Amino acid sequence: MPMLRTLLIVEDQHDLAELVALHLSDLAQRIHLCSDGVEALRIAAATPPDLVVLDLGLPGLDGLEVCRRLRASARYVPILMLTSRSSDAERVLGLELGADDYLVKPFNVMELVARAKAIVRRMDGLANAASDAVIRSGTLAIDPAARRVTLAGTPIALTAREFDLLLHFALHPGRVFTREQLLDTVWGGAHGGYAHTVNSHINRLRAKIETDAADPRWIQTVWGVGYRFAAAGAA
Ligand code: CA
């Protein structure tokens with residue numbers, strides 16, 4: 001299991017912060033705890049964390065604002081958001097600058113560990129697979145280091161998951177992936193595994209990058225099997 005160099009836990013319920021720290025202590029060499037958003041940003045700027053466990057409801061600067069500001073920094077930081085209501089999911093994940101994943105309180109600590117490990121595996125896998133070189137396919141450009149995508153020079157706002165999905169495809173042009181394989185690699189196996197989750201992300205990704213969703217230039221459907229990214233030079 002790869003290690004996090006630094007983990008930042010931002011949670012104003014001290015007992016919960018301690019519980020999270022205890023259960024993720026095997027994953028991280030160094031853990032910073034803090035209870036407000038301003039302090040979290042200060043720590044993150046001084047010691048960029050490899051993962052942030054971020055409470056949504058914080059005094060002062062709330063979790064979403066902290067998330068937004070962390071996303072504005074050059075270095076991509078994975079964020080696992082803690083929320084009090086499952087109805088926050090859309091808000092937390094749906095924004096283009098949203099969290100990588102979320103857990104609803106009260107959560108099972110084993111679930112917390114599984115989600116954190118999945119994020120680490122996913123980031124490690126993507127980091128190993130991708131050099132820092134920008135991947136270009138026609139007018140589409142994917143910058144793995146900055147996690148930015150442009151289409152004919154125009155920036156495209158993608159959620160963390162949409163970006164991972166697109167990067168995974170683009171790293172393997174022409175290769176067909178089943179929905180199960182995509183759930184395993186892009187979602188890190190931490191989710192129940194619903195094919196419709198993949199479908200809905202593919203649809204949203206297509207809506208953002210494809211001109212003609214009925215005849216996709218990049219994300220192609222392979223009927224009865226899954227999806228593939230257009231083979232180099234083929235499209
Ligand atoms: Ca709170």
# chains A, B, ... in the order shown; residues from 1 in each chain; ligands from 1
$ residues_near_ligand --ligand "ligand 1" --cutoff "7 Å" --atoms "only C-alpha atoms and all ligand atoms" --output "list in words"
Glu11, Asp12, Gln13, Asp55, Leu56, Gly57 and Leu58 of chain A
$ closest_atom_pairs --of "region 6-60 of chain A" --to "region 78-87 of chain A" --cutoff "7 Å" --atoms "only C-alpha atoms" --output "JSON lines"
{"residue": "A:Asp50", "atom": "CA", "partner": "A:Pro78", "partner_atom": "CA", "distance": 6.7}
{"residue": "A:Leu51", "atom": "CA", "partner": "A:Pro78", "partner_atom": "CA", "distance": 5.1}
{"residue": "A:Val52", "atom": "CA", "partner": "A:Ile79", "partner_atom": "CA", "distance": 4.8}
{"residue": "A:Val53", "atom": "CA", "partner": "A:Leu80", "partner_atom": "CA", "distance": 4.8}
{"residue": "A:Leu54", "atom": "CA", "partner": "A:Met81", "partner_atom": "CA", "distance": 4.7}
{"residue": "A:Asp55", "atom": "CA", "partner": "A:Leu82", "partner_atom": "CA", "distance": 4.6}
{"residue": "A:Leu56", "atom": "CA", "partner": "A:Thr83", "partner_atom": "CA", "distance": 5.4}
$ closest_residue --among "A:Gly174, A:Val38, A:Asp88, A:His196" --to "Leu70 (chain A)" --atoms "only C-alpha atoms"
A:Val38
$ select_by_dssp --residues "chain A" --states "strand (DSSP E or B)" --output "VMD selection string"
chain A and resid 4 to 10 28 to 34 51 to 55 79 to 83 101 to 104 135 to 137 140 to 143 148 to 151 154 to 156 176 to 178 219 to 222 226 to 229
$ residues_around --residues "region 159-169 of chain A" --least-positions-apart "5" --cutoff "10 Å" --atoms "only C-alpha atoms" --output "PyMOL selection string"
chain A and resi 76+78-79+93-101+122-123+125-126+129-130+135+142-144+147-149+174-177+182-183+185-187+198+201-202+204-206+208+218-219+227-230
$ closest_residue --among "A:Pro49, A:Leu112, A:Ala231, A:Ser35" --to "Arg136 (chain A)" --atoms "only C-alpha atoms"
A:Ala231
$ closest_residue --among "A:Trp223, A:Gly60, A:Ile43, A:Met110" --to "Leu22 (chain A)" --atoms "only C-alpha atoms"
A:Met110
$ residues_around --residues "Leu4 (chain A)" --least-positions-apart "4" --cutoff "10 Å" --atoms "only C-alpha atoms" --output "list in words"
Leu24, Ser25, Asp26, Leu27, Ala28, Gln29, Arg30, Ile31, Pro49, Asp50, Leu51, Lys117 and Val120 of chain A
$ write_last_selection --atoms "all heavy atoms" --output "short mmCIF file (atom, residue, chain, number, x, y, z; two decimals), in the first residue's frame"
data_model
loop_
_atom_site.label_atom_id
_atom_site.label_comp_id
_atom_site.auth_asym_id
_atom_site.auth_seq_id
_atom_site.Cartn_x
_atom_site.Cartn_y
_atom_site.Cartn_z
N LEU A 24 -6.62 6.54 10.01
CA LEU A 24 -5.83 6.75 8.79
C LEU A 24 -4.33 6.83 9.10
O LEU A 24 -3.52 7.09 8.21
CB LEU A 24 -6.28 8.02 8.06
CG LEU A 24 -7.72 7.99 7.50
CD1 LEU A 24 -8.02 9.27 6.74
CD2 LEU A 24 -7.95 6.78 6.61
N SER A 25 -3.98 6.57 10.38
CA SER A 25 -2.57 6.75 10.77
C SER A 25 -1.64 5.77 10.06
O SER A 25 -0.48 6.08 9.83
CB SER A 25 -2.42 6.63 12.29
OG SER A 25 -2.86 5.36 12.70
N ASP A 26 -2.16 4.60 9.67
CA ASP A 26 -1.32 3.63 8.94
C ASP A 26 -1.02 4.09 7.52
O ASP A 26 -0.11 3.58 6.89
CB ASP A 26 -2.03 2.27 8.86
CG ASP A 26 -1.97 1.55 10.20
OD1 ASP A 26 -1.20 2.00 11.07
OD2 ASP A 26 -2.71 0.57 10.37
N LEU A 27 -1.83 5.01 7.03
CA LEU A 27 -1.72 5.45 5.63
C LEU A 27 -0.76 6.62 5.46
O LEU A 27 -0.28 6.87 4.37
CB LEU A 27 -3.09 5.92 5.13
CG LEU A 27 -4.00 4.95 4.39
CD1 LEU A 27 -5.23 5.69 3.93
CD2 LEU A 27 -3.28 4.33 3.22
N ALA A 28 -0.55 7.36 6.55
CA ALA A 28 0.16 8.63 6.41
C ALA A 28 1.39 8.70 7.29
O ALA A 28 1.40 8.21 8.42
CB ALA A 28 -0.77 9.78 6.75
N GLN A 29 2.45 9.34 6.76
CA GLN A 29 3.66 9.54 7.56
C GLN A 29 3.47 10.70 8.54
O GLN A 29 3.99 10.68 9.63
CB GLN A 29 4.84 9.82 6.63
CG GLN A 29 5.26 8.59 5.86
CD GLN A 29 6.19 8.92 4.70
OE1 GLN A 29 6.40 10.07 4.38
NE2 GLN A 29 6.72 7.89 4.07
N ARG A 30 2.70 11.69 8.09
CA ARG A 30 2.50 12.87 8.92
C ARG A 30 1.04 13.30 8.82
O ARG A 30 0.49 13.33 7.72
CB ARG A 30 3.41 14.00 8.44
CG ARG A 30 3.55 15.14 9.40
CD ARG A 30 4.92 15.79 9.27
NE ARG A 30 5.32 15.97 7.88
CZ ARG A 30 5.74 17.12 7.38
NH1 ARG A 30 5.82 18.18 8.14
NH2 ARG A 30 6.13 17.23 6.12
N ILE A 31 0.43 13.60 9.95
CA ILE A 31 -0.97 14.03 9.95
C ILE A 31 -1.10 15.39 10.61
O ILE A 31 -0.61 15.60 11.73
CB ILE A 31 -1.86 13.00 10.68
CG1 ILE A 31 -1.79 11.64 9.98
CG2 ILE A 31 -3.32 13.49 10.75
CD1 ILE A 31 -2.62 10.55 10.63
N PRO A 49 -0.57 18.94 1.32
CA PRO A 49 -0.94 17.57 1.70
C PRO A 49 -1.18 16.69 0.48
O PRO A 49 -1.45 17.19 -0.61
CB PRO A 49 -2.24 17.77 2.48
CG PRO A 49 -2.81 19.05 1.98
CD PRO A 49 -1.69 19.88 1.45
N ASP A 50 -1.08 15.37 0.68
CA ASP A 50 -1.38 14.41 -0.39
C ASP A 50 -2.85 14.03 -0.37
O ASP A 50 -3.35 13.45 -1.33
CB ASP A 50 -0.53 13.15 -0.21
CG ASP A 50 0.95 13.48 -0.26
OD1 ASP A 50 1.35 14.16 -1.22
OD2 ASP A 50 1.67 13.08 0.65
N LEU A 51 -3.50 14.29 0.75
CA LEU A 51 -4.94 14.06 0.86
C LEU A 51 -5.48 15.00 1.93
O LEU A 51 -4.85 15.20 2.97
CB LEU A 51 -5.23 12.60 1.25
CG LEU A 51 -6.70 12.24 1.53
CD1 LEU A 51 -7.57 12.38 0.28
CD2 LEU A 51 -6.81 10.80 2.07
N LYS A 117 -8.01 4.93 0.89
CA LYS A 117 -7.08 4.07 0.15
C LYS A 117 -7.37 4.11 -1.34
O LYS A 117 -6.45 4.11 -2.16
CB LYS A 117 -7.19 2.62 0.64
CG LYS A 117 -6.44 2.36 1.94
CD LYS A 117 -6.50 0.90 2.30
CE LYS A 117 -5.67 0.62 3.55
NZ LYS A 117 -5.84 -0.76 4.02
N VAL A 120 -5.92 7.22 -2.82
CA VAL A 120 -4.46 7.11 -2.92
C VAL A 120 -4.06 6.20 -4.08
O VAL A 120 -3.18 6.54 -4.87
CB VAL A 120 -3.87 6.56 -1.59
CG1 VAL A 120 -2.37 6.35 -1.73
CG2 VAL A 120 -4.16 7.52 -0.45
#
$ atom_distance --atom1 "CA of Gly226 (chain A)" --atom2 "CA of Ala207 (chain A)"
17.8 Å
$ select_by_dssp --residues "region 71-219 of chain A" --states "helix (DSSP H, G or I)" --output "PDB file with C-alpha atoms, in the first residue's frame"
ATOM      1  CA  ARG A  71      -8.453  23.708  -6.249  1.00  0.00           C
ATOM      2  CA  SER A  86     -26.575  12.686   1.845  1.00  0.00           C
ATOM      3  CA  SER A  87     -28.422  15.436  -0.021  1.00  0.00           C
ATOM      4  CA  ASP A  88     -25.118  17.358  -0.072  1.00  0.00           C
ATOM      5  CA  ALA A  89     -23.635  14.846  -2.541  1.00  0.00           C
ATOM      6  CA  GLU A  90     -24.521  16.823  -5.644  1.00  0.00           C
ATOM      7  CA  ARG A  91     -23.163  20.039  -4.166  1.00  0.00           C
ATOM      8  CA  VAL A  92     -19.950  18.427  -2.994  1.00  0.00           C
ATOM      9  CA  LEU A  93     -19.110  16.344  -6.072  1.00  0.00           C
ATOM     10  CA  GLY A  94     -21.026  18.102  -8.806  1.00  0.00           C
ATOM     11  CA  VAL A 109     -14.505   3.933   9.883  1.00  0.00           C
ATOM     12  CA  MET A 110     -13.738   0.968   7.640  1.00  0.00           C
ATOM     13  CA  GLU A 111     -15.569   2.797   4.862  1.00  0.00           C
ATOM     14  CA  LEU A 112     -13.435   5.864   5.568  1.00  0.00           C
ATOM     15  CA  VAL A 113     -10.245   3.812   5.292  1.00  0.00           C
ATOM     16  CA  ALA A 114     -11.470   2.144   2.081  1.00  0.00           C
ATOM     17  CA  ARG A 115     -12.338   5.473   0.443  1.00  0.00           C
ATOM     18  CA  ALA A 116      -9.036   7.059   1.478  1.00  0.00           C
ATOM     19  CA  LYS A 117      -7.079   4.065   0.152  1.00  0.00           C
ATOM     20  CA  ALA A 118      -9.040   4.159  -3.101  1.00  0.00           C
ATOM     21  CA  ILE A 119      -8.134   7.818  -3.614  1.00  0.00           C
ATOM     22  CA  VAL A 120      -4.461   7.108  -2.916  1.00  0.00           C
ATOM     23  CA  ARG A 121      -4.454   4.137  -5.306  1.00  0.00           C
ATOM     24  CA  ARG A 122      -6.176   6.145  -7.999  1.00  0.00           C
ATOM     25  CA  MET A 123      -3.796   9.100  -7.678  1.00  0.00           C
ATOM     26  CA  ASP A 124      -0.806   6.730  -7.638  1.00  0.00           C
ATOM     27  CA  GLY A 125      -2.050   4.823 -10.654  1.00  0.00           C
ATOM     28  CA  LEU A 126      -2.673   7.971 -12.622  1.00  0.00           C
ATOM     29  CA  ALA A 127       0.664   9.469 -11.560  1.00  0.00           C
ATOM     30  CA  ASN A 128       2.516   6.341 -12.637  1.00  0.00           C
ATOM     31  CA  ALA A 129       0.640   6.007 -15.899  1.00  0.00           C
ATOM     32  CA  ALA A 160     -12.464  15.358 -10.464  1.00  0.00           C
ATOM     33  CA  ARG A 161     -14.070  12.094 -11.555  1.00  0.00           C
ATOM     34  CA  GLU A 162     -14.732  13.259 -15.096  1.00  0.00           C
ATOM     35  CA  PHE A 163     -11.091  14.280 -15.376  1.00  0.00           C
ATOM     36  CA  ASP A 164      -9.858  10.908 -14.090  1.00  0.00           C
ATOM     37  CA  LEU A 165     -12.151   9.113 -16.513  1.00  0.00           C
ATOM     38  CA  LEU A 166     -10.957  11.158 -19.490  1.00  0.00           C
ATOM     39  CA  LEU A 167      -7.297  10.798 -18.493  1.00  0.00           C
ATOM     40  CA  HIS A 168      -7.669   7.048 -18.058  1.00  0.00           C
ATOM     41  CA  PHE A 169      -9.174   6.767 -21.539  1.00  0.00           C
ATOM     42  CA  ALA A 170      -6.633   9.073 -23.140  1.00  0.00           C
ATOM     43  CA  LEU A 171      -3.734   7.093 -21.645  1.00  0.00           C
ATOM     44  CA  ARG A 179     -18.065  -0.451 -17.167  1.00  0.00           C
ATOM     45  CA  GLU A 180     -16.819  -2.816 -14.447  1.00  0.00           C
ATOM     46  CA  GLN A 181     -13.185  -2.158 -15.391  1.00  0.00           C
ATOM     47  CA  LEU A 182     -13.816   1.581 -15.311  1.00  0.00           C
ATOM     48  CA  LEU A 183     -15.474   1.346 -11.886  1.00  0.00           C
ATOM     49  CA  ASP A 184     -12.466  -0.584 -10.655  1.00  0.00           C
ATOM     50  CA  THR A 185      -9.768   1.720 -11.967  1.00  0.00           C
ATOM     51  CA  ALA A 195     -22.949   0.542 -14.351  1.00  0.00           C
ATOM     52  CA  HIS A 196     -25.282   3.535 -14.532  1.00  0.00           C
ATOM     53  CA  THR A 197     -22.726   5.589 -12.559  1.00  0.00           C
ATOM     54  CA  VAL A 198     -20.278   5.054 -15.413  1.00  0.00           C
ATOM     55  CA  ASN A 199     -22.930   5.784 -18.039  1.00  0.00           C
ATOM     56  CA  SER A 200     -23.977   9.058 -16.452  1.00  0.00           C
ATOM     57  CA  HIS A 201     -20.360  10.243 -16.138  1.00  0.00           C
ATOM     58  CA  ILE A 202     -19.674   9.293 -19.761  1.00  0.00           C
ATOM     59  CA  ASN A 203     -22.758  11.262 -20.818  1.00  0.00           C
ATOM     60  CA  ARG A 204     -21.680  14.333 -18.863  1.00  0.00           C
ATOM     61  CA  LEU A 205     -18.126  14.092 -20.208  1.00  0.00           C
ATOM     62  CA  ARG A 206     -19.433  13.808 -23.761  1.00  0.00           C
ATOM     63  CA  ALA A 207     -21.736  16.785 -23.257  1.00  0.00           C
ATOM     64  CA  LYS A 208     -18.663  18.815 -22.288  1.00  0.00           C
ATOM     65  CA  ILE A 209     -16.191  17.749 -24.984  1.00  0.00           C
TER      66      ILE A 209
END
$ residues_around --residues "Ala145 (chain A)" --least-positions-apart "6" --cutoff "8 Å" --atoms "only C-alpha atoms" --output "JSON, numbers by chain"
{"A": [75, 76, 132, 133]}
$ write_last_selection --atoms "all heavy atoms" --output "short mmCIF file (atom, residue, chain, number, x, y, z; two decimals), in the first residue's frame"
data_model
loop_
_atom_site.label_atom_id
_atom_site.label_comp_id
_atom_site.auth_asym_id
_atom_site.auth_seq_id
_atom_site.Cartn_x
_atom_site.Cartn_y
_atom_site.Cartn_z
N ARG A 75 -1.03 22.89 -7.48
CA ARG A 75 -0.86 21.46 -7.21
C ARG A 75 -2.22 20.83 -6.89
O ARG A 75 -2.95 21.36 -6.05
CB ARG A 75 0.09 21.30 -6.01
CG ARG A 75 0.55 19.90 -5.74
CD ARG A 75 1.61 19.97 -4.65
NE ARG A 75 2.08 18.66 -4.25
CZ ARG A 75 1.44 17.93 -3.36
NH1 ARG A 75 0.34 18.37 -2.78
NH2 ARG A 75 1.91 16.72 -3.02
N TYR A 76 -2.53 19.72 -7.54
CA TYR A 76 -3.82 19.07 -7.30
C TYR A 76 -3.78 18.31 -5.98
O TYR A 76 -2.90 17.49 -5.74
CB TYR A 76 -4.15 18.10 -8.43
CG TYR A 76 -5.54 17.55 -8.29
CD1 TYR A 76 -6.63 18.29 -8.75
CD2 TYR A 76 -5.77 16.34 -7.67
CE1 TYR A 76 -7.92 17.81 -8.60
CE2 TYR A 76 -7.06 15.86 -7.52
CZ TYR A 76 -8.12 16.59 -7.98
OH TYR A 76 -9.38 16.12 -7.82
N ASP A 132 4.32 13.86 -17.11
CA ASP A 132 3.73 15.18 -16.99
C ASP A 132 3.41 15.79 -18.35
O ASP A 132 2.89 16.90 -18.43
CB ASP A 132 4.64 16.10 -16.18
CG ASP A 132 4.49 15.82 -14.69
OD1 ASP A 132 3.58 15.06 -14.33
OD2 ASP A 132 5.29 16.34 -13.90
N ALA A 133 3.72 15.04 -19.41
CA ALA A 133 3.50 15.58 -20.75
C ALA A 133 2.01 15.75 -21.04
O ALA A 133 1.20 14.92 -20.65
CB ALA A 133 4.12 14.66 -21.78
#
